[in-house]
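Before any comments, here is the structure.
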Amino acid sequence: MKIITAPHPSLRQKAVAVKTVDKKLQFFINDLQSTLLHQSDPPGVGLAAPQVDKKYRIFCTLIAKEPRVFINPVINKASEAKILGENPQDKDYQLEGCLSIPQIYGPVPRSEWISLEYDVVVDQKLQRKSESFSNFPARVIQHELDHLNGILFTDYLLQYDLPAYQIGQGEKLLEIEDRKILEIF
Amino acid sequence: MTIIFFGSFQHYSALILEALLKNKNIKIEAVVTSDENNPSYQLAQAKHIRALSPKILDQNFLSKLERPDLLVMAGYGKLLPSNYLAFPKIKALNLHFSLLPKYKGANPAEWAILNGETETGITLIEMDEKFDTGNIIFQEKMKISAHDTRETLYQKLYELGATVLPGWLKNYQNGNFEIVKQKNNRLPYAKRFFKKDSFVAWADLFKDPTFISRACRAWYGFPGLWTKIPSKKGDKIMKIWSCHLADKQLILDEVQVEGQNKARFNQIKNMILT
């Protein structure tokens with residue numbers, strides 16, 4: 001599948017809950033997973049349905065080589081404490097990027113841990129699960145869940161006046177001075 | 001074999017120390033804890049072993065100690081500086097209470113319960129300068145029951161550690177082991193929970209019964225699952241000590257409203273405004 005890039009109206013829509021599991025949905029999930037799996041330049045750790053122009057509340061992740069699918073995810077508890085990266089003492093803390101916003105990176109405050117409810121497909125039916133995540137996996141899930149609500153990580157850079165970076169010559173990160181580009185996403 | 005033992009986790013660390021003290025092959029040179037009221041500190045004193053509770057782990061403190069064969073840590077809660085890691089003649093080892101590389105961090109039993117894991121375990125690692133990232137030496141699995149709280153689970157894990165650690169140390173000293181390097185650091189991480197983490201709003205309490213029933217057991221005792229109930233006299237803090245699931249519904253069992261003793265939820269539920 002083709003990953004759409006910002007600005008695109010589909011990236012700003014709210015996705016719709018999945019009610020039933022049929023062949024079409026299962027094919028879509030397989031396709032979404034393989035699309036993420038085959039990203040290499042750059043590789044991705046998460047991909048949400050709206051990024052391939054589908055309105056399902058589904059995203060998949062690829063963390064520690066483990067592919068996972070989350071259907072109808074809801075965060076029912078998020079820590080008050082928000083962090084910019086796994087290791088705040090580290091100066092080059094984790095910058096977020098997005099397969100739908102190529103070449104742009106920035107620090108995003110995310111809850112340090114979250115508790116998530118989501119569905120998985122078991123015997124062609126949806127089955128509700130509950131799981132908690134911290135640090136990097138928690139960050140990826142919050143980023144992907146935002147896609148299901150039409151939110152992009154660059155929104156936070158504008159909201160909190162955080163720096164945005166672009167890859168320049170020699171893979172070096174350069175701060176973007178003209179932030180108007182973020183507003184058109 | 002001579003050992004300096006580091007451990008401060010309530011009475012749990014003392015379970016390990018006790019097992020090491022009973023072993024004839026082991027001589028505990030000194031015991032280091034966070035404070036003098038710690039059960040490990042008091043156990044050491046009772047056995048006429050040097051007990052210490054340094055505020056800062058600096059070279060000055062280190063120079064007061066004899067170089068042991070091993071430095072063994074179980075629930076000390078602080079990282080050791082590199083000069084401490086290089087201090088023992090053989091190695092500095094840490095007993096961690098999860099199946100590494102999963103659930104590195106300060107609250108491994110809490111996270112295992114919170115995620116509904118059915119098994120966990122203990123892992124002996126060679127300590128390095130980060131939390132729980134060192135080479136794996138030995139590992140032992142254990143089942144988690146559906147009723148385990150963090151207290152019962154830590155009790156079982158430390159008891160397991162007390163049973164197997166003396167043998168592990170002997171095998172380690174004799175070179176009967178194979179190192180497994182830890183590769184991945186993006187697996188589930190067991191970050192420390194605080195009081196502000198364990199609050200759930202009354203309006204949200206019944207939304208995800210699975211999460212709440214696990215959280216209640218995972219945070220049992222500390223930081224403790226708590227909410228605020230609306231009453232005629234305003235919002236009141238209510239701790240939830242136990243609860244269970246019936247037909248996927250959350251049933252609160254034992255609770256404690258601020259300023260009151262523990263009670264059955266049914267006894268106090270009339271004070272909640274709906």
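The way I read the labels, and the way they are meant: chains A, B, ... in the order of the structure tokens, residue 1 as the first residue of every chain, and ligand 1 as the first ligand shown, with later ones counted on from there.
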
Contacts of Ile56 of chain B at 12 Å or less, counting only C-alpha atoms, minus same-chain residues fewer than 6 places along, as a short mmCIF file (atom, residue, chain, number, x, y, z; two decimals) with N, CA, C and O atoms, in the first residue's frame?
data_model
loop_
_atom_site.label_atom_id
_atom_site.label_comp_id
_atom_site.auth_asym_id
_atom_site.auth_seq_id
_atom_site.Cartn_x
_atom_site.Cartn_y
_atom_site.Cartn_z
N VAL B 32 25.62 -3.78 53.13
CA VAL B 32 25.38 -2.35 52.86
C VAL B 32 23.89 -2.15 52.56
O VAL B 32 23.32 -2.80 51.69
N THR B 33 23.27 -1.25 53.33
CA THR B 33 21.84 -0.96 53.14
C THR B 33 21.64 0.55 53.04
O THR B 33 22.56 1.34 53.28
N SER B 34 20.40 0.95 52.72
CA SER B 34 20.11 2.39 52.59
C SER B 34 20.04 3.07 53.95
O SER B 34 20.37 4.23 54.08
N ASP B 35 19.57 2.35 54.97
CA ASP B 35 19.45 2.97 56.29
C ASP B 35 19.57 1.92 57.39
O ASP B 35 19.48 0.72 57.14
N LEU B 62 34.42 3.32 49.92
CA LEU B 62 34.98 2.09 49.35
C LEU B 62 36.29 1.71 50.06
O LEU B 62 36.56 0.54 50.31
N LYS B 78 19.91 1.30 43.95
CA LYS B 78 20.76 2.37 43.41
C LYS B 78 21.78 1.76 42.46
O LYS B 78 22.17 0.61 42.63
N LEU B 79 22.22 2.57 41.51
CA LEU B 79 23.31 2.13 40.64
C LEU B 79 24.63 2.27 41.38
O LEU B 79 24.80 3.15 42.20
N LEU B 80 25.56 1.38 41.06
CA LEU B 80 26.89 1.50 41.65
C LEU B 80 27.84 2.18 40.67
O LEU B 80 27.82 1.88 39.48
N PRO B 81 28.68 3.10 41.15
CA PRO B 81 29.68 3.74 40.28
C PRO B 81 30.70 2.71 39.79
O PRO B 81 30.85 1.65 40.38
#

> Which residues, written as a list in words, have at least one atom at most 8 Å from Leu47 of chain A, with only C-alpha atoms counted and residues fewer than 2 positions away on the same chain left out?
Replying inline: Leu32, Gln33, Leu36, Gly44, Val45, Ala49, Gln51, Phe59, Cys60, Thr61, Leu99 and Glu144 of chain A

>> Residues of segment 13-214 of chain B classed as strand (DSSP E) by DSSP on the backbone are to be reported as an MDAnalysis selection string.
In response: chainID B and resid 27:32 50:52 70:73 91:96 119:126 136:143

> Nearest to chain B: which of A:Val52, A:Ile75, A:Leu174, A:Val16 is it, counting only C-alpha atoms?
Replying inline: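 Checking each candidate against chain B, we get A:Ile75 as the closest.
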
What are the closest atom pairs, with distances in Å to one decimal, for all residues of chain A lying within 9 Å of chain B? Consider only C-alpha atoms, order rows by chain and residue number, and present the result as a Markdown table.
| residue | atom | partner | partner_atom | distance |
| --- | --- | --- | --- | --- |
| A:Ile63 | CA | B:Arg186 | CA | 7.0 |
| A:Ala64 | CA | B:Arg186 | CA | 5.9 |
| A:Asn76 | CA | B:Asp208 | CA | 7.3 |
| A:Lys77 | CA | B:Val200 | CA | 7.6 |
| A:Ala78 | CA | B:Asp197 | CA | 8.3 |
| A:Ser79 | CA | B:Asp197 | CA | 5.8 |
| A:Glu80 | CA | B:Asp197 | CA | 7.2 |
| A:Ala81 | CA | B:Asp197 | CA | 8.5 |
| A:Glu112 | CA | B:Lys191 | CA | 8.8 |
| A:Trp113 | CA | B:Lys191 | CA | 8.3 |
| A:Ser115 | CA | B:Phe211 | CA | 7.5 |
| A:Leu116 | CA | B:Phe211 | CA | 8.6 |
| A:Glu117 | CA | B:Asp208 | CA | 7.4 |
| A:Lys129 | CA | B:Thr210 | CA | 8.2 |
| A:Ser130 | CA | B:Phe211 | CA | 6.0 |
| A:Glu131 | CA | B:Asn115 | CA | 5.2 |
| A:Ser132 | CA | B:Asn115 | CA | 6.1 |
| A:Phe133 | CA | B:Pro188 | CA | 6.7 |
| A:Ser134 | CA | B:Tyr189 | CA | 6.2 |
| A:Asn135 | CA | B:Tyr189 | CA | 7.0 |
| A:Phe136 | CA | B:Arg186 | CA | 6.5 |
| A:Pro137 | CA | B:Arg186 | CA | 7.2 |

> Near Gln142 of chain A, within 9 Å and counting only C-alpha atoms, which residues show up once chain neighbours fewer than 3 positions away are dropped, as a ChimeraX atom specification?
Replying inline: /A:75,110-111,114,137-139,145-147

>> Which residues are close to Asn23 of chain B, i.e. within 12 Å by only C-alpha atoms, leaving aside same-chain residues fewer than 2 positions away? Reply as a PyMOL selection string.
In response: chain B and resi 1-3+16-21+25-28+162-167+169-170

Could you write out the selected residues, including N, CA, C and O atoms, as an mmCIF file, in the first residue's frame?
data_model
loop_
_atom_site.group_PDB
_atom_site.id
_atom_site.type_symbol
_atom_site.label_atom_id
_atom_site.label_comp_id
_atom_site.auth_asym_id
_atom_site.auth_seq_id
_atom_site.Cartn_x
_atom_site.Cartn_y
_atom_site.Cartn_z
ATOM 1 N N MET B 1 34.229 -18.416 49.784
ATOM 2 C CA MET B 1 34.087 -17.231 48.940
ATOM 3 C C MET B 1 33.600 -16.058 49.785
ATOM 4 O O MET B 1 32.681 -16.196 50.576
ATOM 5 N N THR B 2 34.252 -14.917 49.655
ATOM 6 C CA THR B 2 33.857 -13.748 50.444
ATOM 7 C C THR B 2 32.964 -12.816 49.616
ATOM 8 O O THR B 2 33.158 -12.649 48.415
ATOM 9 N N ILE B 3 31.952 -12.253 50.310
ATOM 10 C CA ILE B 3 30.943 -11.443 49.618
ATOM 11 C C ILE B 3 30.638 -10.180 50.411
ATOM 12 O O ILE B 3 30.532 -10.220 51.644
ATOM 13 N N ILE B 16 17.335 -13.026 51.256
ATOM 14 C CA ILE B 16 18.502 -13.466 50.480
ATOM 15 C C ILE B 16 19.739 -13.508 51.381
ATOM 16 O O ILE B 16 20.492 -14.480 51.378
ATOM 17 N N LEU B 17 19.924 -12.431 52.154
ATOM 18 C CA LEU B 17 21.084 -12.354 53.044
ATOM 19 C C LEU B 17 21.103 -13.543 54.002
ATOM 20 O O LEU B 17 22.150 -14.159 54.222
ATOM 21 N N GLU B 18 19.937 -13.878 54.537
ATOM 22 C CA GLU B 18 19.823 -14.987 55.474
ATOM 23 C C GLU B 18 20.298 -16.300 54.829
ATOM 24 O O GLU B 18 21.027 -17.079 55.461
ATOM 25 N N ALA B 19 19.881 -16.513 53.576
ATOM 26 C CA ALA B 19 20.280 -17.746 52.883
ATOM 27 C C ALA B 19 21.789 -17.779 52.647
ATOM 28 O O ALA B 19 22.428 -18.834 52.771
ATOM 29 N N LEU B 20 22.378 -16.626 52.329
ATOM 30 C CA LEU B 20 23.835 -16.573 52.107
ATOM 31 C C LEU B 20 24.581 -16.824 53.417
ATOM 32 O O LEU B 20 25.609 -17.494 53.433
ATOM 33 N N LEU B 21 24.027 -16.271 54.508
ATOM 34 C CA LEU B 21 24.676 -16.442 55.817
ATOM 35 C C LEU B 21 24.692 -17.905 56.245
ATOM 36 O O LEU B 21 25.606 -18.355 56.924
ATOM 37 N N ASN B 25 29.958 -22.248 52.478
ATOM 38 C CA ASN B 25 31.004 -21.824 51.532
ATOM 39 C C ASN B 25 31.146 -20.313 51.432
ATOM 40 O O ASN B 25 32.040 -19.816 50.767
ATOM 41 N N ILE B 26 30.183 -19.606 52.037
ATOM 42 C CA ILE B 26 30.139 -18.157 51.855
ATOM 43 C C ILE B 26 30.470 -17.440 53.159
ATOM 44 O O ILE B 26 29.973 -17.805 54.227
ATOM 45 N N LYS B 27 31.318 -16.417 53.010
ATOM 46 C CA LYS B 27 31.580 -15.561 54.169
ATOM 47 C C LYS B 27 31.174 -14.132 53.813
ATOM 48 O O LYS B 27 31.728 -13.544 52.886
ATOM 49 N N ILE B 28 30.171 -13.612 54.518
ATOM 50 C CA ILE B 28 29.728 -12.240 54.259
ATOM 51 C C ILE B 28 30.660 -11.288 55.004
ATOM 52 O O ILE B 28 30.742 -11.310 56.237
ATOM 53 N N ALA B 162 16.454 -16.890 47.443
ATOM 54 C CA ALA B 162 17.154 -17.418 48.618
ATOM 55 C C ALA B 162 17.491 -18.892 48.423
ATOM 56 O O ALA B 162 18.538 -19.362 48.860
ATOM 57 N N THR B 163 16.614 -19.615 47.731
ATOM 58 C CA THR B 163 16.838 -21.048 47.508
ATOM 59 C C THR B 163 17.950 -21.309 46.499
ATOM 60 O O THR B 163 18.803 -22.163 46.725
ATOM 61 N N VAL B 164 17.933 -20.560 45.383
ATOM 62 C CA VAL B 164 18.870 -20.910 44.302
ATOM 63 C C VAL B 164 20.184 -20.123 44.306
ATOM 64 O O VAL B 164 21.188 -20.597 43.755
ATOM 65 N N LEU B 165 20.190 -18.925 44.915
ATOM 66 C CA LEU B 165 21.374 -18.071 44.769
ATOM 67 C C LEU B 165 22.685 -18.690 45.295
ATOM 68 O O LEU B 165 23.711 -18.614 44.604
ATOM 69 N N PRO B 166 22.684 -19.318 46.492
ATOM 70 C CA PRO B 166 23.962 -19.883 46.960
ATOM 71 C C PRO B 166 24.575 -20.859 45.949
ATOM 72 O O PRO B 166 25.790 -20.811 45.693
ATOM 73 N N GLY B 167 23.747 -21.716 45.341
ATOM 74 C CA GLY B 167 24.241 -22.659 44.325
ATOM 75 C C GLY B 167 24.728 -21.944 43.076
ATOM 76 O O GLY B 167 25.764 -22.309 42.498
ATOM 77 N N LEU B 169 25.971 -18.943 42.896
ATOM 78 C CA LEU B 169 27.249 -18.258 43.169
ATOM 79 C C LEU B 169 28.410 -19.249 43.139
ATOM 80 O O LEU B 169 29.487 -18.935 42.632
ATOM 81 N N LYS B 170 28.140 -20.453 43.650
ATOM 82 C CA LYS B 170 29.176 -21.487 43.629
ATOM 83 C C LYS B 170 29.515 -21.860 42.175
ATOM 84 O O LYS B 170 30.695 -21.926 41.800
#

Within 12 Å of Glu110 of chain B, counting only C-alpha atoms, which residues qualify if same-chain residues fewer than 3 places away don't, as a PDB file with N, CA, C and O atoms, in the first residue's frame?
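Below is the file around_33.pdb, written as the result:
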ATOM      1  N   SER A 132      -0.393  -2.513  29.661  1.00  0.00           N
ATOM      2  CA  SER A 132       0.249  -1.235  29.990  1.00  0.00           C
ATOM      3  C   SER A 132       1.625  -1.151  29.340  1.00  0.00           C
ATOM      4  O   SER A 132       2.297  -2.166  29.153  1.00  0.00           O
TER       5      SER A 132
ATOM      6  N   PHE B  97      14.529  -9.242  39.629  1.00  0.00           N
ATOM      7  CA  PHE B  97      13.325 -10.042  39.853  1.00  0.00           C
ATOM      8  C   PHE B  97      12.368 -10.030  38.667  1.00  0.00           C
ATOM      9  O   PHE B  97      11.194  -9.686  38.782  1.00  0.00           O
ATOM     10  N   SER B  98      12.905 -10.376  37.497  1.00  0.00           N
ATOM     11  CA  SER B  98      12.100 -10.607  36.299  1.00  0.00           C
ATOM     12  C   SER B  98      12.901 -11.547  35.409  1.00  0.00           C
ATOM     13  O   SER B  98      14.057 -11.854  35.704  1.00  0.00           O
ATOM     14  N   TYR B 103      11.237  -6.477  31.398  1.00  0.00           N
ATOM     15  CA  TYR B 103      11.010  -5.824  32.691  1.00  0.00           C
ATOM     16  C   TYR B 103      12.280  -5.472  33.450  1.00  0.00           C
ATOM     17  O   TYR B 103      12.435  -5.790  34.616  1.00  0.00           O
ATOM     18  N   LYS B 104      13.202  -4.820  32.747  1.00  0.00           N
ATOM     19  CA  LYS B 104      14.280  -4.120  33.443  1.00  0.00           C
ATOM     20  C   LYS B 104      13.621  -2.994  34.235  1.00  0.00           C
ATOM     21  O   LYS B 104      12.577  -2.505  33.827  1.00  0.00           O
ATOM     22  N   GLY B 105      14.289  -2.541  35.302  1.00  0.00           N
ATOM     23  CA  GLY B 105      13.759  -1.376  36.004  1.00  0.00           C
ATOM     24  C   GLY B 105      13.351  -1.685  37.433  1.00  0.00           C
ATOM     25  O   GLY B 105      13.490  -2.812  37.902  1.00  0.00           O
ATOM     26  N   ALA B 106      12.827  -0.649  38.097  1.00  0.00           N
ATOM     27  CA  ALA B 106      12.648  -0.686  39.548  1.00  0.00           C
ATOM     28  C   ALA B 106      11.446  -1.518  39.995  1.00  0.00           C
ATOM     29  O   ALA B 106      11.412  -1.992  41.121  1.00  0.00           O
ATOM     30  N   ASN B 107      10.423  -1.682  39.147  1.00  0.00           N
ATOM     31  CA  ASN B 107       9.185  -2.335  39.593  1.00  0.00           C
ATOM     32  C   ASN B 107       8.809  -3.566  38.745  1.00  0.00           C
ATOM     33  O   ASN B 107       7.725  -3.633  38.169  1.00  0.00           O
ATOM     34  N   ILE B 113       2.476  -8.193  36.942  1.00  0.00           N
ATOM     35  CA  ILE B 113       1.066  -8.354  37.349  1.00  0.00           C
ATOM     36  C   ILE B 113       0.169  -7.445  36.504  1.00  0.00           C
ATOM     37  O   ILE B 113      -0.874  -7.864  36.007  1.00  0.00           O
ATOM     38  N   LEU B 114       0.608  -6.194  36.326  1.00  0.00           N
ATOM     39  CA  LEU B 114      -0.204  -5.231  35.577  1.00  0.00           C
ATOM     40  C   LEU B 114      -0.487  -5.718  34.155  1.00  0.00           C
ATOM     41  O   LEU B 114      -1.544  -5.444  33.594  1.00  0.00           O
ATOM     42  N   ASN B 115       0.446  -6.446  33.575  1.00  0.00           N
ATOM     43  CA  ASN B 115       0.243  -6.920  32.212  1.00  0.00           C
ATOM     44  C   ASN B 115      -0.311  -8.341  32.147  1.00  0.00           C
ATOM     45  O   ASN B 115      -0.347  -8.948  31.079  1.00  0.00           O
ATOM     46  N   GLY B 116      -0.756  -8.852  33.280  1.00  0.00           N
ATOM     47  CA  GLY B 116      -1.398 -10.160  33.279  1.00  0.00           C
ATOM     48  C   GLY B 116      -0.474 -11.298  32.862  1.00  0.00           C
ATOM     49  O   GLY B 116      -0.933 -12.307  32.349  1.00  0.00           O
ATOM     50  N   GLU B 117       0.838 -11.130  33.110  1.00  0.00           N
ATOM     51  CA  GLU B 117       1.774 -12.212  32.791  1.00  0.00           C
ATOM     52  C   GLU B 117       1.442 -13.421  33.668  1.00  0.00           C
ATOM     53  O   GLU B 117       1.034 -13.269  34.819  1.00  0.00           O
ATOM     54  N   THR B 120       6.871 -15.279  35.661  1.00  0.00           N
ATOM     55  CA  THR B 120       7.974 -14.334  35.756  1.00  0.00           C
ATOM     56  C   THR B 120       9.157 -15.126  36.311  1.00  0.00           C
ATOM     57  O   THR B 120       9.199 -16.329  36.110  1.00  0.00           O
ATOM     58  N   ILE B 144       2.986 -17.028  38.087  1.00  0.00           N
ATOM     59  CA  ILE B 144       2.265 -15.978  38.822  1.00  0.00           C
ATOM     60  C   ILE B 144       0.828 -16.460  38.953  1.00  0.00           C
ATOM     61  O   ILE B 144       0.240 -16.903  37.959  1.00  0.00           O
ATOM     62  N   ASP B 148      -2.015 -13.178  42.997  1.00  0.00           N
ATOM     63  CA  ASP B 148      -0.795 -12.562  43.507  1.00  0.00           C
ATOM     64  C   ASP B 148      -0.889 -11.034  43.533  1.00  0.00           C
ATOM     65  O   ASP B 148      -1.345 -10.415  42.579  1.00  0.00           O
ATOM     66  N   THR B 149      -0.437 -10.454  44.652  1.00  0.00           N
ATOM     67  CA  THR B 149      -0.251  -9.008  44.729  1.00  0.00           C
ATOM     68  C   THR B 149       1.246  -8.766  44.637  1.00  0.00           C
ATOM     69  O   THR B 149       2.028  -9.726  44.670  1.00  0.00           O
ATOM     70  N   ARG B 150       1.653  -7.491  44.552  1.00  0.00           N
ATOM     71  CA  ARG B 150       3.098  -7.256  44.491  1.00  0.00           C
ATOM     72  C   ARG B 150       3.784  -7.814  45.733  1.00  0.00           C
ATOM     73  O   ARG B 150       4.903  -8.303  45.667  1.00  0.00           O
ATOM     74  N   GLU B 151       3.087  -7.781  46.877  1.00  0.00           N
ATOM     75  CA  GLU B 151       3.704  -8.284  48.104  1.00  0.00           C
ATOM     76  C   GLU B 151       3.881  -9.802  48.076  1.00  0.00           C
ATOM     77  O   GLU B 151       4.948 -10.308  48.396  1.00  0.00           O
ATOM     78  N   THR B 152       2.835 -10.536  47.677  1.00  0.00           N
ATOM     79  CA  THR B 152       2.970 -12.003  47.653  1.00  0.00           C
ATOM     80  C   THR B 152       3.953 -12.426  46.566  1.00  0.00           C
ATOM     81  O   THR B 152       4.702 -13.384  46.734  1.00  0.00           O
ATOM     82  N   LEU B 153       3.960 -11.682  45.452  1.00  0.00           N
ATOM     83  CA  LEU B 153       4.862 -12.060  44.357  1.00  0.00           C
ATOM     84  C   LEU B 153       6.326 -11.790  44.718  1.00  0.00           C
ATOM     85  O   LEU B 153       7.195 -12.632  44.481  1.00  0.00           O
ATOM     86  N   TYR B 154       6.601 -10.620  45.323  1.00  0.00           N
ATOM     87  CA  TYR B 154       7.980 -10.356  45.746  1.00  0.00           C
ATOM     88  C   TYR B 154       8.420 -11.372  46.803  1.00  0.00           C
ATOM     89  O   TYR B 154       9.567 -11.822  46.798  1.00  0.00           O
ATOM     90  N   TYR B 189       9.426  -2.209  29.818  1.00  0.00           N
ATOM     91  CA  TYR B 189      10.299  -1.678  30.856  1.00  0.00           C
ATOM     92  C   TYR B 189       9.496  -1.449  32.135  1.00  0.00           C
ATOM     93  O   TYR B 189       8.370  -0.960  32.075  1.00  0.00           O
ATOM     94  N   ALA B 190      10.079  -1.822  33.268  1.00  0.00           N
ATOM     95  CA  ALA B 190       9.340  -1.760  34.533  1.00  0.00           C
ATOM     96  C   ALA B 190       9.624  -0.473  35.278  1.00  0.00           C
ATOM     97  O   ALA B 190      10.322  -0.464  36.285  1.00  0.00           O
ATOM     98  N   LYS B 191       9.103   0.642  34.757  1.00  0.00           N
ATOM     99  CA  LYS B 191       9.379   1.928  35.404  1.00  0.00           C
ATOM    100  C   LYS B 191       8.743   1.979  36.788  1.00  0.00           C
ATOM    101  O   LYS B 191       7.764   1.308  37.066  1.00  0.00           O
ATOM    102  N   ARG B 192       9.308   2.770  37.639  1.00  0.00           N
ATOM    103  CA  ARG B 192       8.849   2.879  39.024  1.00  0.00           C
ATOM    104  C   ARG B 192       7.515   3.619  39.088  1.00  0.00           C
ATOM    105  O   ARG B 192       7.324   4.633  38.421  1.00  0.00           O
ATOM    106  N   PHE B 193       6.583   3.106  39.882  1.00  0.00           N
ATOM    107  CA  PHE B 193       5.297   3.775  40.076  1.00  0.00           C
ATOM    108  C   PHE B 193       5.312   4.637  41.328  1.00  0.00           C
ATOM    109  O   PHE B 193       5.909   4.269  42.331  1.00  0.00           O
ATOM    110  N   PHE B 194       4.635   5.777  41.236  1.00  0.00           N
ATOM    111  CA  PHE B 194       4.502   6.678  42.364  1.00  0.00           C
ATOM    112  C   PHE B 194       3.018   6.868  42.702  1.00  0.00           C
ATOM    113  O   PHE B 194       2.146   6.461  41.926  1.00  0.00           O
ATOM    114  N   SER B 198      -1.007   5.985  40.645  1.00  0.00           N
ATOM    115  CA  SER B 198      -1.978   4.950  41.030  1.00  0.00           C
ATOM    116  C   SER B 198      -3.366   5.529  41.323  1.00  0.00           C
ATOM    117  O   SER B 198      -4.208   4.852  41.887  1.00  0.00           O
ATOM    118  N   ARG B 214      -6.077  -5.831  37.868  1.00  0.00           N
ATOM    119  CA  ARG B 214      -4.632  -6.090  37.897  1.00  0.00           C
ATOM    120  C   ARG B 214      -3.894  -4.975  38.648  1.00  0.00           C
ATOM    121  O   ARG B 214      -2.984  -5.248  39.426  1.00  0.00           O
ATOM    122  N   ALA B 215      -4.302  -3.721  38.375  1.00  0.00           N
ATOM    123  CA  ALA B 215      -3.618  -2.574  38.995  1.00  0.00           C
ATOM    124  C   ALA B 215      -3.733  -2.651  40.515  1.00  0.00           C
ATOM    125  O   ALA B 215      -2.787  -2.327  41.236  1.00  0.00           O
ATOM    126  N   CYS B 216      -4.891  -3.075  41.004  1.00  0.00           N
ATOM    127  CA  CYS B 216      -5.121  -3.177  42.444  1.00  0.00           C
ATOM    128  C   CYS B 216      -4.115  -4.146  43.069  1.00  0.00           C
ATOM    129  O   CYS B 216      -3.548  -3.871  44.133  1.00  0.00           O
ATOM    130  N   ARG B 217      -3.845  -5.241  42.391  1.00  0.00           N
ATOM    131  CA  ARG B 217      -2.877  -6.223  42.913  1.00  0.00           C
ATOM    132  C   ARG B 217      -1.431  -5.763  42.676  1.00  0.00           C
ATOM    133  O   ARG B 217      -0.564  -5.969  43.509  1.00  0.00           O
ATOM    134  N   ALA B 218      -1.207  -5.112  41.510  1.00  0.00           N
ATOM    135  CA  ALA B 218       0.154  -4.671  41.167  1.00  0.00           C
ATOM    136  C   ALA B 218       0.635  -3.558  42.108  1.00  0.00           C
ATOM    137  O   ALA B 218       1.828  -3.448  42.375  1.00  0.00           O
ATOM    138  N   TRP B 219      -0.294  -2.717  42.571  1.00  0.00           N
ATOM    139  CA  TRP B 219       0.089  -1.570  43.410  1.00  0.00           C
ATOM    140  C   TRP B 219      -0.228  -1.802  44.878  1.00  0.00           C
ATOM    141  O   TRP B 219      -0.196  -0.873  45.683  1.00  0.00           O
ATOM    142  N   TYR B 220      -0.581  -3.034  45.237  1.00  0.00           N
ATOM    143  CA  TYR B 220      -1.006  -3.354  46.602  1.00  0.00           C
ATOM    144  C   TYR B 220       0.048  -2.882  47.613  1.00  0.00           C
ATOM    145  O   TYR B 220       1.236  -3.173  47.477  1.00  0.00           O
ATOM    146  N   GLY B 221      -0.427  -2.143  48.632  1.00  0.00           N
ATOM    147  CA  GLY B 221       0.509  -1.661  49.663  1.00  0.00           C
ATOM    148  C   GLY B 221       1.203  -0.377  49.247  1.00  0.00           C
ATOM    149  O   GLY B 221       1.145   0.624  49.937  1.00  0.00           O
ATOM    150  N   PHE B 222       1.869  -0.398  48.116  1.00  0.00           N
ATOM    151  CA  PHE B 222       2.468   0.826  47.578  1.00  0.00           C
ATOM    152  C   PHE B 222       2.540   0.767  46.056  1.00  0.00           C
ATOM    153  O   PHE B 222       2.940  -0.249  45.516  1.00  0.00           O
ATOM    154  N   PRO B 223       2.185   1.844  45.330  1.00  0.00           N
ATOM    155  CA  PRO B 223       1.613   3.110  45.823  1.00  0.00           C
ATOM    156  C   PRO B 223       0.131   3.001  46.182  1.00  0.00           C
ATOM    157  O   PRO B 223      -0.415   3.919  46.781  1.00  0.00           O
ATOM    158  N   GLY B 224      -0.520   1.876  45.906  1.00  0.00           N
ATOM    159  CA  GLY B 224      -1.911   1.666  46.298  1.00  0.00           C
ATOM    160  C   GLY B 224      -2.892   2.306  45.330  1.00  0.00           C
ATOM    161  O   GLY B 224      -2.824   3.506  45.072  1.00  0.00           O
TER     162      GLY B 224
END

Give me the residues within 9 Å of Val72 of chain B as a PDB file with C-alpha atoms, in the first residue's frame, counting only C-alpha atoms and dropping any in the same chain fewer than 4 places off.
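So the final result, stored in result-v1.pdb, reads:
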ATOM      1  CA  ILE B   3      30.943 -11.443  49.618  1.00  0.00           C
ATOM      2  CA  ILE B   4      29.847  -7.895  50.289  1.00  0.00           C
ATOM      3  CA  PHE B   5      26.049  -7.825  50.168  1.00  0.00           C
ATOM      4  CA  PHE B   6      24.013  -4.805  49.043  1.00  0.00           C
ATOM      5  CA  GLY B   7      20.253  -4.945  49.728  1.00  0.00           C
ATOM      6  CA  LYS B  91      32.694  -9.587  39.774  1.00  0.00           C
ATOM      7  CA  ALA B  92      29.778  -7.443  40.923  1.00  0.00           C
ATOM      8  CA  LEU B  93      26.519  -9.373  40.463  1.00  0.00           C
ATOM      9  CA  ASN B  94      22.876  -8.325  40.667  1.00  0.00           C
ATOM     10  CA  LEU B  95      19.852 -10.501  41.282  1.00  0.00           C
TER      11      LEU B  95
END

> Looking at B:Leu71, B:Ala30, B:Ala203, B:Met127, which one is nearest to His96 of chain B, with distances taken over only C-alpha atoms?
Replying inline: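 Distance minimum relative to His96 of chain B lands on B:Met127.
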
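We find atom CA of Ala109 of chain B and atom CA of Tyr158 of chain B to be spaced 11.1 Å apart.
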
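These are the residues of segment 12-111 of chain A assigned alpha helix (DSSP H) by DSSP from backbone coordinates: Lys23, Lys24, Leu25, Gln26, Phe27, Phe28, Ile29, Asn30, Asp31, Leu32, Gln33, Ser34, Thr35, Leu36 and Leu37 of chain A.
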
Which residues come within 10 Å of Gly259 of chain B, counting only C-alpha atoms, excluding same-chain residues fewer than 4 positions away, as a compact mmCIF listing (two decimals) with N, CA and C atoms, in the first residue's frame?
# COMPACT_ATOMS: atom_id res chain seq x y z
N LYS B 236 -13.91 12.58 48.73
CA LYS B 236 -13.09 11.90 49.75
C LYS B 236 -12.19 10.88 49.07
N ILE B 237 -10.95 10.79 49.57
CA ILE B 237 -10.02 9.80 49.03
C ILE B 237 -10.45 8.40 49.47
N MET B 238 -10.49 7.48 48.54
CA MET B 238 -10.79 6.09 48.89
C MET B 238 -9.71 5.18 48.31
